[in-house]
file upload39.cif (mmCIF, C-alpha atoms)
data_query
#
loop_
_atom_site.group_PDB
_atom_site.id
_atom_site.type_symbol
_atom_site.label_atom_id
_atom_site.label_comp_id
_atom_site.auth_asym_id
_atom_site.auth_seq_id
_atom_site.Cartn_x
_atom_site.Cartn_y
_atom_site.Cartn_z
ATOM 1 C CA MET A 1 187.896 -60.695 153.150
ATOM 2 C CA LEU A 2 188.478 -59.102 156.561
ATOM 3 C CA MET A 3 191.250 -56.919 155.101
ATOM 4 C CA HIS A 4 189.001 -55.683 152.248
ATOM 5 C CA LEU A 5 186.098 -55.061 154.625
ATOM 6 C CA SER A 6 188.329 -53.071 156.977
ATOM 7 C CA PHE A 7 189.657 -50.993 154.082
ATOM 8 C CA CYS A 8 186.135 -50.181 152.806
ATOM 9 C CA LEU A 9 184.846 -49.198 156.239
ATOM 10 C CA THR A 10 187.896 -46.986 156.855
ATOM 11 C CA PHE A 11 187.542 -45.332 153.437
ATOM 12 C CA VAL A 12 183.845 -44.547 154.001
ATOM 13 C CA ALA A 13 184.409 -43.383 157.595
ATOM 14 C CA VAL A 14 187.250 -40.997 156.676
ATOM 15 C CA PHE A 15 185.358 -39.239 153.889
ATOM 16 C CA SER A 16 182.058 -39.150 155.785
ATOM 17 C CA PHE A 17 183.812 -37.721 158.822
ATOM 18 C CA ALA A 18 185.354 -34.990 156.668
ATOM 19 C CA VAL A 19 181.874 -34.004 155.431
ATOM 20 C CA ILE A 20 180.529 -33.933 158.991
ATOM 21 C CA LEU A 21 183.410 -31.731 160.144
ATOM 22 C CA SER A 22 182.607 -29.282 157.349
ATOM 23 C CA GLY A 23 179.140 -28.839 158.855
ATOM 24 C CA ASN A 24 177.183 -30.343 155.936
ATOM 25 C CA TYR A 25 175.159 -32.745 158.067
ATOM 26 C CA ASP A 26 172.402 -32.998 155.476
ATOM 27 C CA VAL A 27 174.628 -34.639 152.884
ATOM 28 C CA ALA A 28 176.544 -36.925 155.270
ATOM 29 C CA ALA A 29 174.455 -39.963 154.297
ATOM 30 C CA ALA A 30 174.784 -39.085 150.604
ATOM 31 C CA ALA A 31 178.559 -38.785 150.988
ATOM 32 C CA MET A 32 178.691 -42.205 152.623
ATOM 33 C CA ILE A 33 176.656 -43.789 149.828
ATOM 34 C CA SER A 34 178.819 -42.028 147.210
ATOM 35 C CA CYS A 35 181.921 -43.535 148.796
ATOM 36 C CA LEU A 36 180.325 -46.965 148.670
ATOM 37 C CA TYR A 37 179.470 -46.408 145.009
ATOM 38 C CA ILE A 38 183.068 -45.475 144.188
ATOM 39 C CA LEU A 39 184.297 -48.572 146.020
ATOM 40 C CA THR A 40 181.778 -50.713 144.151
ATOM 41 C CA CYS A 41 183.024 -49.390 140.795
ATOM 42 C CA THR A 42 186.619 -50.032 141.818
ATOM 43 C CA TYR A 43 185.908 -53.598 142.928
ATOM 44 C CA VAL A 44 183.920 -54.304 139.765
ATOM 45 C CA GLY A 45 186.938 -53.086 137.778
ATOM 46 C CA ARG A 46 189.176 -55.324 139.881
ATOM 47 C CA TRP A 47 186.886 -58.243 139.073
ATOM 48 C CA TYR A 48 187.120 -57.361 135.364
ATOM 49 C CA GLY A 49 190.907 -57.314 135.603
ATOM 50 C CA LYS A 50 191.136 -60.640 137.436
ATOM 51 C CA SER A 51 188.712 -62.224 134.975
ATOM 52 C CA TRP A 52 190.848 -61.020 132.069
ATOM 53 C CA LEU A 53 194.044 -62.319 133.701
ATOM 54 C CA ASN A 54 192.406 -65.694 134.347
ATOM 55 C CA ARG A 55 190.694 -65.865 130.967
ATOM 56 C CA SER A 56 192.249 -69.270 130.309
ATOM 57 C CA VAL A 57 190.431 -70.605 133.403
ATOM 58 C CA VAL A 58 187.358 -68.371 133.791
ATOM 59 C CA ARG A 59 185.654 -67.170 130.620
ATOM 60 C CA GLU A 60 183.042 -64.532 131.413
ATOM 61 C CA PRO A 61 180.702 -63.724 128.490
ATOM 62 C CA LEU A 62 180.964 -60.152 127.184
ATOM 63 C CA SER A 63 177.236 -59.625 127.594
ATOM 64 C CA LYS A 64 177.523 -60.323 131.342
ATOM 65 C CA SER A 65 180.362 -57.806 131.774
ATOM 66 C CA VAL A 66 178.463 -55.119 129.804
ATOM 67 C CA SER A 67 175.279 -55.804 131.746
ATOM 68 C CA ILE A 68 177.037 -55.399 135.081
ATOM 69 C CA PHE A 69 178.541 -52.077 133.986
ATOM 70 C CA LEU A 70 175.179 -50.787 132.709
ATOM 71 C CA VAL A 71 173.451 -51.740 135.960
ATOM 72 C CA LEU A 72 176.208 -49.932 137.840
ATOM 73 C CA VAL A 73 175.873 -46.734 135.786
ATOM 74 C CA LEU A 74 172.050 -46.691 135.669
ATOM 75 C CA GLY A 75 171.765 -47.489 139.370
ATOM 76 C CA GLY A 76 174.251 -44.769 140.215
ATOM 77 C CA ALA A 77 172.398 -42.185 138.125
ATOM 78 C CA ALA A 78 169.045 -43.092 139.692
ATOM 79 C CA GLY A 79 170.507 -43.060 143.208
ATOM 80 C CA ALA A 80 172.207 -39.685 142.696
ATOM 81 C CA ALA A 81 168.984 -38.145 141.309
ATOM 82 C CA TYR A 82 167.054 -39.378 144.322
ATOM 83 C CA MET A 83 169.623 -38.446 146.999
ATOM 84 C CA PHE A 84 170.548 -34.971 145.773
ATOM 85 C CA LYS A 85 167.339 -33.830 144.040
ATOM 86 C CA GLY A 86 164.632 -36.125 145.333
ATOM 87 C CA ASP A 87 163.280 -36.612 141.785
ATOM 88 C CA ILE A 88 164.532 -39.624 139.790
ATOM 89 C CA SER A 89 162.542 -39.035 136.598
ATOM 90 C CA GLY A 90 163.372 -35.315 136.404
ATOM 91 C CA TYR A 91 167.113 -35.558 137.038
ATOM 92 C CA PHE A 92 167.987 -39.100 135.903
ATOM 93 C CA LEU A 93 169.428 -38.111 132.500
ATOM 94 C CA GLN A 94 171.436 -35.247 133.986
ATOM 95 C CA ASN A 95 173.039 -37.558 136.560
ATOM 96 C CA LEU A 96 173.562 -40.256 133.937
ATOM 97 C CA PHE A 97 176.074 -38.027 132.107
ATOM 98 C CA ILE A 98 177.881 -37.523 135.431
ATOM 99 C CA CYS A 99 177.823 -41.142 136.623
ATOM 100 C CA PHE A 100 178.982 -42.646 133.319
ATOM 101 C CA PRO A 101 182.498 -41.054 133.260
ATOM 102 C CA ILE A 102 182.897 -41.456 137.030
ATOM 103 C CA SER A 103 181.946 -45.136 136.850
ATOM 104 C CA LEU A 104 184.204 -45.660 133.846
ATOM 105 C CA LEU A 105 187.113 -43.948 135.622
ATOM 106 C CA PHE A 106 186.916 -46.042 138.774
ATOM 107 C CA VAL A 107 186.265 -49.276 136.875
ATOM 108 C CA PHE A 108 189.477 -48.654 134.942
ATOM 109 C CA PHE A 109 191.171 -47.784 138.233
ATOM 110 C CA GLY A 110 190.106 -51.162 139.610
ATOM 111 C CA ILE A 111 191.387 -52.907 136.471
ATOM 112 C CA ALA A 112 194.714 -51.099 136.857
ATOM 113 C CA ILE A 113 194.961 -52.232 140.488
ATOM 114 C CA ALA A 114 194.338 -55.856 139.489
ATOM 115 C CA LEU A 115 196.923 -55.718 136.691
ATOM 116 C CA ALA A 116 199.517 -53.973 138.884
ATOM 117 C CA ARG A 117 199.019 -56.433 141.711
ATOM 118 C CA HIS A 118 199.350 -59.324 139.276
ATOM 119 C CA ALA A 119 202.559 -57.852 137.801
ATOM 120 C CA VAL A 120 204.097 -57.349 141.255
ATOM 121 C CA GLY A 121 203.064 -60.872 142.274
ATOM 122 C CA MET A 122 204.716 -62.328 139.170
ATOM 123 C CA GLN A 123 207.905 -60.378 139.897
ATOM 124 C CA VAL A 124 207.945 -61.724 143.457
ATOM 125 C CA ILE A 125 207.456 -65.278 142.195
ATOM 126 C CA GLU A 126 210.205 -64.866 139.602
ATOM 127 C CA ALA A 127 212.544 -63.411 142.233
ATOM 128 C CA LYS A 128 211.863 -66.394 144.519
ATOM 129 C CA ILE A 129 212.540 -68.806 141.656
ATOM 130 C CA VAL A 130 215.821 -67.051 140.791
ATOM 131 C CA LYS A 131 216.833 -67.064 144.472
ATOM 132 C CA GLU A 132 216.031 -70.779 144.815
ATOM 133 C CA GLN A 133 217.984 -71.533 141.644
ATOM 134 C CA LYS A 134 220.989 -69.591 142.944
ATOM 135 C CA GLU A 135 220.825 -71.301 146.339
ATOM 136 C CA SER A 136 220.531 -74.694 144.658
ATOM 137 C CA GLU A 137 223.498 -73.948 142.407
ATOM 138 C CA LEU A 138 225.570 -72.708 145.342
ATOM 139 C CA ARG A 139 224.809 -75.865 147.323
ATOM 140 C CA LEU A 140 225.857 -77.933 144.325
ATOM 141 C CA LEU A 141 229.067 -75.946 143.875
ATOM 142 C CA LEU A 142 229.980 -76.304 147.544
ATOM 143 C CA SER A 143 229.290 -80.038 147.444
ATOM 144 C CA GLN A 144 231.654 -80.308 144.466
ATOM 145 C CA LEU A 145 234.373 -78.170 146.051
ATOM 146 C CA SER A 146 234.778 -80.278 149.183
ATOM 147 C CA PRO A 147 235.450 -83.574 147.314
ATOM 148 C CA HIS A 148 237.826 -81.642 145.041
ATOM 149 C CA PHE A 149 239.842 -80.459 148.036
ATOM 150 C CA LEU A 150 239.750 -83.883 149.711
ATOM 151 C CA PHE A 151 240.865 -85.661 146.528
ATOM 152 C CA ASN A 152 243.943 -83.436 146.148
ATOM 153 C CA THR A 153 244.849 -83.687 149.830
ATOM 154 C CA LEU A 154 244.601 -87.485 150.021
ATOM 155 C CA ASN A 155 246.782 -87.766 146.937
ATOM 156 C CA ASN A 156 249.421 -85.643 148.693
ATOM 157 C CA ILE A 157 249.250 -87.700 151.892
ATOM 158 C CA TYR A 158 249.568 -90.902 149.914
ATOM 159 C CA GLY A 159 252.724 -89.609 148.225
ATOM 160 C CA ILE A 160 254.259 -88.623 151.575
ATOM 161 C CA SER A 161 253.352 -91.936 153.218
ATOM 162 C CA LEU A 162 255.576 -93.781 150.742
ATOM 163 C CA THR A 163 258.755 -91.982 151.809
ATOM 164 C CA GLN A 164 258.121 -90.035 155.039
ATOM 165 C CA GLN A 165 255.722 -92.025 157.181
ATOM 166 C CA GLN A 166 256.530 -89.984 160.315
ATOM 167 C CA ARG A 167 254.706 -86.976 158.840
ATOM 168 C CA VAL A 168 251.435 -88.791 158.230
ATOM 169 C CA PRO A 169 249.906 -88.598 161.791
ATOM 170 C CA LYS A 170 250.301 -84.796 161.947
ATOM 171 C CA LEU A 171 248.900 -84.459 158.448
ATOM 172 C CA LEU A 172 245.860 -86.568 159.269
ATOM 173 C CA LEU A 173 245.211 -84.523 162.413
ATOM 174 C CA LYS A 174 245.325 -81.257 160.435
ATOM 175 C CA LEU A 175 243.170 -82.795 157.720
ATOM 176 C CA SER A 176 240.505 -83.721 160.273
ATOM 177 C CA GLU A 177 240.411 -80.090 161.495
ATOM 178 C CA LEU A 178 240.068 -78.822 157.929
ATOM 179 C CA LEU A 179 237.292 -81.277 157.105
ATOM 180 C CA ARG A 180 235.425 -80.480 160.325
ATOM 181 C CA TYR A 181 235.324 -76.821 159.284
ATOM 182 C CA SER A 182 234.301 -77.487 155.662
ATOM 183 C CA VAL A 183 231.505 -79.855 156.707
ATOM 184 C CA TYR A 184 230.017 -78.215 159.791
ATOM 185 C CA GLU A 185 230.866 -74.500 159.708
ATOM 186 C CA THR A 186 230.160 -73.493 156.114
ATOM 187 C CA ARG A 187 226.413 -73.992 155.896
ATOM 188 C CA GLU A 188 225.492 -70.307 156.037
ATOM 189 C CA GLU A 189 225.740 -67.999 153.029
ATOM 190 C CA PHE A 190 228.143 -65.722 154.920
ATOM 191 C CA ILE A 191 230.379 -66.554 157.873
ATOM 192 C CA PRO A 192 232.717 -64.409 160.035
ATOM 193 C CA LEU A 193 235.920 -63.618 158.163
ATOM 194 C CA LYS A 194 238.011 -64.604 161.192
ATOM 195 C CA ASN A 195 236.668 -68.184 160.915
ATOM 196 C CA GLU A 196 237.686 -68.384 157.277
ATOM 197 C CA LEU A 197 241.136 -66.980 158.085
ATOM 198 C CA LEU A 198 241.640 -69.555 160.838
ATOM 199 C CA TYR A 199 240.800 -72.233 158.285
ATOM 200 C CA LEU A 200 243.371 -70.772 155.863
ATOM 201 C CA LYS A 201 246.040 -70.743 158.576
ATOM 202 C CA ASN A 202 245.317 -74.397 159.381
ATOM 203 C CA TYR A 203 245.662 -75.245 155.716
ATOM 204 C CA ILE A 204 248.973 -73.339 155.477
ATOM 205 C CA ASP A 205 250.243 -75.257 158.536
ATOM 206 C CA PHE A 206 249.130 -78.437 156.797
ATOM 207 C CA GLU A 207 251.204 -77.522 153.734
ATOM 208 C CA LYS A 208 254.219 -76.658 155.876
ATOM 209 C CA ILE A 209 254.116 -80.133 157.407
ATOM 210 C CA GLN A 210 253.802 -81.687 153.959
ATOM 211 C CA ASN A 211 256.586 -79.771 152.247
ATOM 212 C CA GLY A 212 259.084 -79.247 155.056
ATOM 213 C CA ASP A 213 262.132 -77.120 154.324
ATOM 214 C CA ARG A 214 261.383 -76.884 150.621
ATOM 215 C CA LEU A 215 258.563 -74.428 151.292
ATOM 216 C CA VAL A 216 259.447 -70.744 151.538
ATOM 217 C CA SER A 217 256.361 -68.793 152.580
ATOM 218 C CA GLU A 218 255.592 -65.196 153.450
ATOM 219 C CA ILE A 219 252.223 -64.888 155.164
ATOM 220 C CA ALA A 220 250.748 -61.490 156.047
ATOM 221 C CA ILE A 221 247.142 -62.114 157.053
ATOM 222 C CA GLU A 222 245.347 -59.507 159.155
ATOM 223 C CA GLU A 223 244.941 -60.638 162.742
ATOM 224 C CA ASN A 224 241.617 -60.534 164.625
ATOM 225 C CA PRO A 225 239.351 -58.837 162.046
ATOM 226 C CA ASP A 226 236.079 -57.302 163.203
ATOM 227 C CA ASP A 227 233.494 -59.977 164.091
ATOM 228 C CA ARG A 228 230.934 -58.138 161.941
ATOM 229 C CA ILE A 229 232.949 -58.618 158.744
ATOM 230 C CA ARG A 230 231.622 -61.648 156.903
ATOM 231 C CA ILE A 231 232.580 -63.540 153.764
ATOM 232 C CA ALA A 232 231.173 -66.382 151.684
ATOM 233 C CA PRO A 233 232.757 -69.616 152.946
ATOM 234 C CA MET A 234 235.376 -71.670 151.097
ATOM 235 C CA LEU A 235 236.247 -68.953 148.570
ATOM 236 C CA LEU A 236 239.857 -68.112 149.397
ATOM 237 C CA ILE A 237 240.984 -71.678 149.996
ATOM 238 C CA VAL A 238 240.874 -72.561 146.296
ATOM 239 C CA PHE A 239 243.417 -69.861 145.418
ATOM 240 C CA VAL A 240 245.658 -70.859 148.327
ATOM 241 C CA GLU A 241 245.424 -74.540 147.442
ATOM 242 C CA ASN A 242 246.289 -73.865 143.795
ATOM 243 C CA ALA A 243 249.245 -71.695 144.821
ATOM 244 C CA PHE A 244 250.791 -74.514 146.871
ATOM 245 C CA LYS A 245 249.922 -77.126 144.296
ATOM 246 C CA TYR A 246 251.506 -75.393 141.323
ATOM 247 C CA SER A 247 254.487 -74.001 143.174
ATOM 248 C CA LYS A 248 255.542 -77.618 143.747
ATOM 249 C CA ALA A 249 255.652 -78.237 139.987
ATOM 250 C CA THR A 250 258.870 -76.323 139.353
ATOM 251 C CA ARG A 251 262.493 -77.347 138.888
ATOM 252 C CA LYS A 252 263.608 -74.977 141.658
ATOM 253 C CA GLN A 253 264.862 -76.354 144.946
ATOM 254 C CA SER A 254 262.421 -74.217 146.887
ATOM 255 C CA MET A 255 258.736 -73.431 146.356
ATOM 256 C CA LEU A 256 257.725 -69.835 147.080
ATOM 257 C CA VAL A 257 254.246 -68.795 148.247
ATOM 258 C CA ILE A 258 253.376 -65.237 149.343
ATOM 259 C CA ILE A 259 249.929 -64.540 150.809
ATOM 260 C CA GLU A 260 248.576 -61.169 151.937
ATOM 261 C CA LEU A 261 245.149 -60.203 153.255
ATOM 262 C CA GLN A 262 244.076 -56.786 154.494
ATOM 263 C CA ILE A 263 240.803 -54.977 155.127
ATOM 264 C CA LYS A 264 240.597 -51.433 153.749
ATOM 265 C CA ASN A 265 237.479 -49.239 153.531
ATOM 266 C CA ASP A 266 235.029 -52.158 153.864
ATOM 267 C CA TRP A 267 236.861 -54.161 151.177
ATOM 268 C CA ILE A 268 238.787 -57.398 151.691
ATOM 269 C CA HIS A 269 242.062 -57.198 149.746
ATOM 270 C CA PHE A 270 243.539 -60.636 149.078
ATOM 271 C CA SER A 271 246.623 -61.341 147.003
ATOM 272 C CA ILE A 272 248.691 -64.452 146.492
ATOM 273 C CA LYS A 273 251.858 -65.174 144.536
ATOM 274 C CA ASN A 274 253.558 -68.473 143.877
ATOM 275 C CA SER A 275 256.501 -69.779 141.877
ATOM 276 C CA PHE A 276 255.272 -70.910 138.486
ATOM 277 C CA GLU A 277 256.666 -72.884 135.572
ATOM 278 C CA PRO A 278 253.876 -73.850 133.140
ATOM 279 C CA GLY A 279 255.889 -76.119 130.827
ATOM 280 C CA HIS A 280 257.436 -78.125 133.644
ATOM 281 C CA ARG A 281 254.082 -78.407 135.402
ATOM 282 C CA GLU A 282 252.490 -80.059 132.367
ATOM 283 C CA LYS A 283 255.389 -82.501 131.969
ATOM 284 C CA MET A 284 254.952 -83.601 135.580
ATOM 285 C CA GLY A 285 251.222 -84.133 135.099
ATOM 286 C CA PHE A 286 250.026 -81.317 137.341
ATOM 287 C CA GLU A 287 247.583 -79.910 134.831
ATOM 288 C CA GLU A 288 244.032 -79.932 136.176
ATOM 289 C CA PRO A 289 241.859 -81.099 133.253
ATOM 290 C CA SER A 290 238.527 -79.872 134.509
ATOM 291 C CA GLY A 291 239.659 -76.810 136.479
ATOM 292 C CA ILE A 292 236.800 -77.637 138.837
ATOM 293 C CA GLY A 293 238.068 -75.676 141.858
ATOM 294 C CA LEU A 294 238.848 -72.342 140.224
ATOM 295 C CA HIS A 295 235.991 -72.572 137.714
ATOM 296 C CA HIS A 296 233.373 -73.121 140.416
ATOM 297 C CA THR A 297 234.895 -70.511 142.717
ATOM 298 C CA LEU A 298 234.649 -67.833 140.025
ATOM 299 C CA LYS A 299 231.077 -68.945 139.367
ATOM 300 C CA ARG A 300 230.268 -68.620 143.076
ATOM 301 C CA LEU A 301 231.813 -65.139 143.111
ATOM 302 C CA ASN A 302 229.488 -64.072 140.300
ATOM 303 C CA LEU A 303 226.437 -65.590 141.973
ATOM 304 C CA ILE A 304 227.102 -64.216 145.456
ATOM 305 C CA TYR A 305 228.912 -60.919 144.934
ATOM 306 C CA GLY A 306 227.813 -59.816 141.462
ATOM 307 C CA SER A 307 229.639 -56.550 140.799
ATOM 308 C CA ASP A 308 231.006 -56.332 144.364
ATOM 309 C CA TYR A 309 234.273 -58.095 143.591
ATOM 310 C CA PHE A 310 237.362 -57.775 141.403
ATOM 311 C CA TYR A 311 239.531 -60.693 140.251
ATOM 312 C CA ASN A 312 242.717 -60.681 138.228
ATOM 313 C CA ALA A 313 245.364 -63.329 137.545
ATOM 314 C CA TYR A 314 248.550 -63.071 135.508
ATOM 315 C CA VAL A 315 252.097 -64.444 135.162
ATOM 316 C CA ASN A 316 255.164 -62.247 135.620
ATOM 317 C CA ASP A 317 258.832 -63.314 136.089
ATOM 318 C CA ASP A 318 258.044 -66.971 136.761
ATOM 319 C CA MET A 319 255.518 -65.947 139.415
ATOM 320 C CA TYR A 320 251.791 -66.449 139.255
ATOM 321 C CA HIS A 321 249.879 -63.481 140.720
ATOM 322 C CA VAL A 322 246.262 -63.521 141.893
ATOM 323 C CA THR A 323 244.461 -60.407 143.126
ATOM 324 C CA LEU A 324 241.007 -60.582 144.635
ATOM 325 C CA ARG A 325 238.988 -57.771 146.203
ATOM 326 C CA LEU A 326 235.662 -58.486 147.889
ATOM 327 C CA LYS A 327 233.086 -56.123 149.343
ATOM 328 C CA ALA A 328 232.927 -56.975 153.035
ATOM 329 C CA LYS A 329 229.437 -58.047 154.075
#

call {"tool": "encode", "arguments": {"input": "upload39.cif", "output": "structure tokens"}}
result
Amino acid sequence: MLMHLSFCLTFVAVFSFAVILSGNYDVAAAAMISCLYILTCTYVGRWYGKSWLNRSVVREPLSKSVSIFLVLVLGGAAGAAYMFKGDISGYFLQNLFICFPISLLFVFFGIAIALARHAVGMQVIEAKIVKEQKESELRLLLSQLSPHFLFNTLNNIYGISLTQQQRVPKLLLKLSELLRYSVYETREEFIPLKNELLYLKNYIDFEKIQNGDRLVSEIAIEENPDDRIRIAPMLLIVFVENAFKYSKATRKQSMLVIIELQIKNDWIHFSIKNSFEPGHREKMGFEEPSGIGLHHTLKRLNLIYGSDYFYNAYVNDDMYHVTLRLKAK
């Protein structure tokens, strides 16, 4: 109410002041009343529009709406005849033909304002709903990714504990660091890229402890990226985890993993290659039935980055190649 009152007073004051500055002091009061009349027509139109939008709740009879409009037009014509000519009976009809189109124009203007405001309000509500749905889905995806990672890692530690118990303490220490990051430092939509890269390096160290001399790795990850460059958390780890996982499922003596990450022209360029042997992998039971990690990561990429990312994966010469480019936030 205070906002509408302030707007009306400002509107009347501005136009009345313009008339006074022009030197037409005699019509200053008439100009003020004319402004109030225009505002009245606009607010009546706004009331019409809101009544139409809420017709399922408030049903105004047509006769009431017509009566209000007629009172508005007739009152305006009588007032104009009195203010400008000083004779209502002699100039009423003449002013009626002027007031009718003016009243109709501003009533429709008020209706248009009500409809436009309603449309914008609905768009805002829909945008909030879509945003809440996306945030809810992202929280769900992240909650599913962490157990997925933990399940795979514990399976690996269990296998090592059967034959190489001396490795287990170091593995558990690295695992605790990885879990601390995934639980406590990934709650924001975007985090500094350097934090995510430190997490990747800890995971690579974890894999080196697990696999020993069998692992042949080439890691070229950009050091000390700009603190302002941010990335959605827990995106890259899925590709790195899969690379180590499937490179193990080969008949070769060594498992090869090559990881590169660079920042060029506000884009994060990430590529990873690993030794790959699909048939042997399936025989050893390495096939992931649900594909939960990669499936949910690609879904997160679509939700968060939209068109600001590029992903490609293919097999060439017994090597699995993944290329990912992300727009740096």

call {"tool": "closest_atom_pairs", "arguments": {"input": "upload39.cif", "of": "segment 219-287 of chain A", "to": "segment 311-319 of chain A", "cutoff": "12 Å", "atoms": "all atoms listed in the file", "output": "CSV"}}
result
residue,atom,partner,partner_atom,distance
A:Leu236,CA,A:Tyr311,CA,11.8
A:Phe239,CA,A:Ala313,CA,10.4
A:Ala243,CA,A:Met319,CA,10.1
A:Tyr246,CA,A:Met319,CA,10.4
A:Ser247,CA,A:Met319,CA,8.9
A:Ala249,CA,A:Asp318,CA,12.0
A:Thr250,CA,A:Asp318,CA,9.7
A:Arg251,CA,A:Asp318,CA,11.5
A:Lys252,CA,A:Asp318,CA,10.9
A:Met255,CA,A:Met319,CA,10.7
A:Leu256,CA,A:Met319,CA,8.9
A:Val257,CA,A:Met319,CA,9.4
A:Ile258,CA,A:Met319,CA,10.2
A:Ile268,CA,A:Tyr311,CA,11.9
A:His269,CA,A:Tyr311,CA,10.4
A:Phe270,CA,A:Tyr311,CA,9.7
A:Ser271,CA,A:Asn312,CA,9.6
A:Ile272,CA,A:Ala313,CA,9.6
A:Lys273,CA,A:Met319,CA,6.3
A:Asn274,CA,A:Met319,CA,5.5
A:Ser275,CA,A:Met319,CA,4.7
A:Phe276,CA,A:Met319,CA,5.1
A:Glu277,CA,A:Asp318,CA,6.2
A:Pro278,CA,A:Asp318,CA,8.8
A:Gly279,CA,A:Asp318,CA,11.1
A:His280,CA,A:Asp318,CA,11.6

call {"tool": "resolve_selection", "arguments": {"input": "upload39.cif", "expression": "the PyMOL selection byres ((chain A and resi 237) around 12)", "output": "PyMOL selection string"}}
result
chain A and resi 145-146+148-149+178+182+196-204+232-236+238-245+259+270+272+293-294+297

call {"tool": "axis_aligned_box", "arguments": {"input": "upload39.cif", "around": "segment 198-203 of chain A", "padding_each_side": "8 Å", "output": "lines of an AutoDock Vina configuration file"}}
result
center_x = 243.4
center_y = -72.4
center_z = 158.3
size_x = 21.2
size_y = 21.7
size_z = 21.1

call {"tool": "resolve_selection", "arguments": {"input": "upload39.cif", "expression": "the PyMOL selection byres ((chain A and resi 106) around 8)", "output": "MDAnalysis selection string"}}
result
chainID A and resid 38 41:42 45 102:105 107:110

call {"tool": "closest_residue", "arguments": {"input": "upload39.cif", "among": "A:Tyr91, A:Trp52, A:Phe97, A:Tyr309", "to": "Ala112 of chain A", "atoms": "only C-alpha atoms"}}
result
A:Trp52

call {"tool": "atom_distance", "arguments": {"input": "upload39.cif", "atom1": "atom CA of Phe206 of chain A", "atom2": "atom CA of Lys174 of chain A"}}
result
6.0 Å

call {"tool": "residues_near_point", "arguments": {"input": "upload39.cif", "point": "(233.6, -59.6, 152.6)", "cutoff": "9 Å", "atoms": "all atoms listed in the file", "output": "ChimeraX atom specification"}}
result
/A:190,192-193,229-232,263,266-268,325-329

call {"tool": "atom_distance", "arguments": {"input": "upload39.cif", "atom1": "atom CA of Glu207 of chain A", "atom2": "atom CA of Lys299 of chain A"}}
result
26.2 Å

call {"tool": "atom_distance", "arguments": {"input": "upload39.cif", "atom1": "atom CA of Ile113 of chain A", "atom2": "atom CA of Gly49 of chain A"}}
result
8.1 Å

call {"tool": "resolve_selection", "arguments": {"input": "upload39.cif", "expression": "the PyMOL selection byres ((chain A and resi 156) around 12)", "output": "NGL selection string"}}
result
:A and (149-155 or 157-164 or 167-168 or 171-172 or 175 or 206-207 or 209-211 or 241 or 244-245 or 248)

call {"tool": "residues_near_point", "arguments": {"input": "upload39.cif", "point": "(172.8, -48.9, 134.7)", "cutoff": "12 Å", "atoms": "all atoms listed in the file", "output": "JSON, numbers by chain"}}
result
{"A": [41, 66, 67, 68, 69, 70, 71, 72, 73, 74, 75, 76, 77, 78, 79, 92, 93, 95, 96, 97, 99, 100, 103, 104]}
